[in-house]
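Read the structure below first, then the notes.
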Amino acid sequence: EDQVTQSPEALRLQEGESSSLNCSYTVSGLRGLFWYRQDPGKGPEFLFTLYSAGEEKEKERLKATLTKKESFLHITAPKPEDSATYLCAVLSGGYQKVTFGTGTKLQVIP
Amino acid sequence: EPEVTQTPSHQVTQMGQEVILRCVPISNHLYFYWYRQILGQKVEFLVSFYNNEISEKSEIFDDQFSVERPDGSNFTLKIRSTKLEDSAMYFCASSEIPGGRGTQYFGPGTRLLVL
């Protein structure tokens with residue numbers, strides 16, 4: 001069964017203080033790794049899809065990278081509006097279901 | 001930008017009652033999904049649907065649950081006899097194609113509270 005583990009569970013940063021969120025996964029045949037942002041009481045908002053080791057994608061202050069065992073979401077010079085829970089999820093094998101991690105709750109302090 | 005919409009945003013029901021949660025997927029998407037998130041827990045897959053039939057379902061999706069695409073735009077999740085443990089956020093998602101090349105886009109959710 002697919003497993004997704006995210007760390008840390010919570011992260012508190014000062015505005016402008018860069019950091020990385022980790023997502024380690026165990027799957028049988030990765031077909032896609034996804035990063036979503038979730039605000040309280042809202043649905044997951046799509047950020048990135050990564051398909052193969054070595055792939056990187058960027059969007060504003062966020063950059064996602066992928067290796068064979070884990071993915072990182074790098075946040076450069078974060079702003080308070082980046083505060084949210086960041087979810088990592090995987091799709092594997094012949095399945096259509098996406099398996100989510102428990103998320104990293106990011107708080108950026110002004 | 002196209003988005004998935006869900007109604008109602010909140011639903012309160014009595015244990016044993018039936019509820020129907022509604023979703024309008026993104027218009028050119030062909031694959032539809034329901035997920036749920038119990039408060040403080042992770043998002044969990046319930047079911048995927050394509051070409052008017054269930055293509056995959058989880059152990060959570062037992063006989064009390066059913067899905068339907070009653071017309072060309074709506075996708076519904078019915079819970080026949082609600083239990084206290086069904087209280088959760090229910091998210092609908094859709095994708096243009098399945099699998100890793102088909103990113104799933106999520107709606108804002110329906111918060112279901114069973115009393």
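Letters for chains follow the order of the structure tokens (A, B, ...), residue numbers begin at 1 for each chain, and ligand numbers begin at 1 in the order shown.
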
Dump as a Markdown table the rows for residues of chain B within 12 Å of chain A: closest atom pair and distance in Å with one decimal, only C-alpha atoms counted, ordered by chain and rising residue number.
| residue | atom | partner | partner_atom | distance |
| --- | --- | --- | --- | --- |
| B:Glu3 | CA | A:Glu45 | CA | 10.4 |
| B:Val4 | CA | A:Gly43 | CA | 10.0 |
| B:Thr5 | CA | A:Gly43 | CA | 10.4 |
| B:Gln6 | CA | A:Gly43 | CA | 10.3 |
| B:Ser9 | CA | A:Lys42 | CA | 10.1 |
| B:His10 | CA | A:Gly41 | CA | 10.8 |
| B:Tyr31 | CA | A:Gln96 | CA | 9.4 |
| B:Phe32 | CA | A:Gln96 | CA | 10.0 |
| B:Tyr33 | CA | A:Lys97 | CA | 8.3 |
| B:Trp34 | CA | A:Lys97 | CA | 9.6 |
| B:Tyr35 | CA | A:Lys97 | CA | 9.3 |
| B:Arg36 | CA | A:Gly43 | CA | 10.3 |
| B:Gln37 | CA | A:Gly43 | CA | 9.7 |
| B:Ile38 | CA | A:Gly41 | CA | 11.3 |
| B:Leu39 | CA | A:Gly41 | CA | 9.5 |
| B:Gly40 | CA | A:Thr102 | CA | 8.8 |
| B:Gln41 | CA | A:Thr102 | CA | 6.7 |
| B:Lys42 | CA | A:Thr102 | CA | 4.8 |
| B:Val43 | CA | A:Phe100 | CA | 6.0 |
| B:Glu44 | CA | A:Phe100 | CA | 7.0 |
| B:Phe45 | CA | A:Lys97 | CA | 6.0 |
| B:Leu46 | CA | A:Lys97 | CA | 8.2 |
| B:Val47 | CA | A:Lys97 | CA | 7.6 |
| B:Ser48 | CA | A:Gln96 | CA | 6.9 |
| B:Phe49 | CA | A:Gln96 | CA | 9.5 |
| B:Tyr50 | CA | A:Gln96 | CA | 10.6 |
| B:Ile54 | CA | A:Gln96 | CA | 11.0 |
| B:Ser55 | CA | A:Gln96 | CA | 8.2 |
| B:Glu56 | CA | A:Gln96 | CA | 7.0 |
| B:Lys57 | CA | A:Lys97 | CA | 8.2 |
| B:Ser58 | CA | A:Lys97 | CA | 8.5 |
| B:Ala88 | CA | A:Gly41 | CA | 10.8 |
| B:Met89 | CA | A:Gly41 | CA | 8.2 |
| B:Tyr90 | CA | A:Gly43 | CA | 9.0 |
| B:Phe91 | CA | A:Gly43 | CA | 6.7 |
| B:Cys92 | CA | A:Gly43 | CA | 8.9 |
| B:Ala93 | CA | A:Gly43 | CA | 9.4 |
| B:Ser94 | CA | A:Gln96 | CA | 11.2 |
| B:Ser95 | CA | A:Gln96 | CA | 10.3 |
| B:Ile97 | CA | A:Gln96 | CA | 10.1 |
| B:Pro98 | CA | A:Gln96 | CA | 6.4 |
| B:Gly99 | CA | A:Gln96 | CA | 5.6 |
| B:Gly100 | CA | A:Gly32 | CA | 4.4 |
| B:Arg101 | CA | A:Gly32 | CA | 7.2 |
| B:Gly102 | CA | A:Gly32 | CA | 9.0 |
| B:Thr103 | CA | A:Thr49 | CA | 7.1 |
| B:Gln104 | CA | A:Phe46 | CA | 7.9 |
| B:Tyr105 | CA | A:Phe46 | CA | 6.5 |
| B:Phe106 | CA | A:Pro44 | CA | 5.9 |
| B:Gly107 | CA | A:Gly43 | CA | 5.7 |
| B:Pro108 | CA | A:Gly43 | CA | 4.3 |
| B:Gly109 | CA | A:Gly43 | CA | 5.7 |
| B:Thr110 | CA | A:Lys42 | CA | 9.2 |
| B:Arg111 | CA | A:Gly41 | CA | 8.4 |
| B:Leu112 | CA | A:Gly41 | CA | 12.0 |

(request) Could you tell me, as a ChimeraX atom specification, which residues of chain B DSSP assigns to strand (DSSP E) when given the backbone? (result) /B:5-7,10-13,19-24,31-37,44-50,53-57,65-68,75-79,88-95,105-106,110-114

(request) Excluding Thr26 of chain A and any residue of its chain fewer than 4 positions from it, enumerate the residues within 8 Å of it, using only C-alpha atoms, and give them as a list of chain:residue names. (result) A:Asp2, A:Gln3, A:Val4, A:Lys69

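The coordinates place atom CA of Glu9 of chain A at 22.7 Å from atom CA of Lys59 of chain A.
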
(message) Would you compute the distance between atom CA of Lys83 of chain B and atom CA of Thr13 of chain B? Give it in Å to one decimal.
(response) 9.7 Å
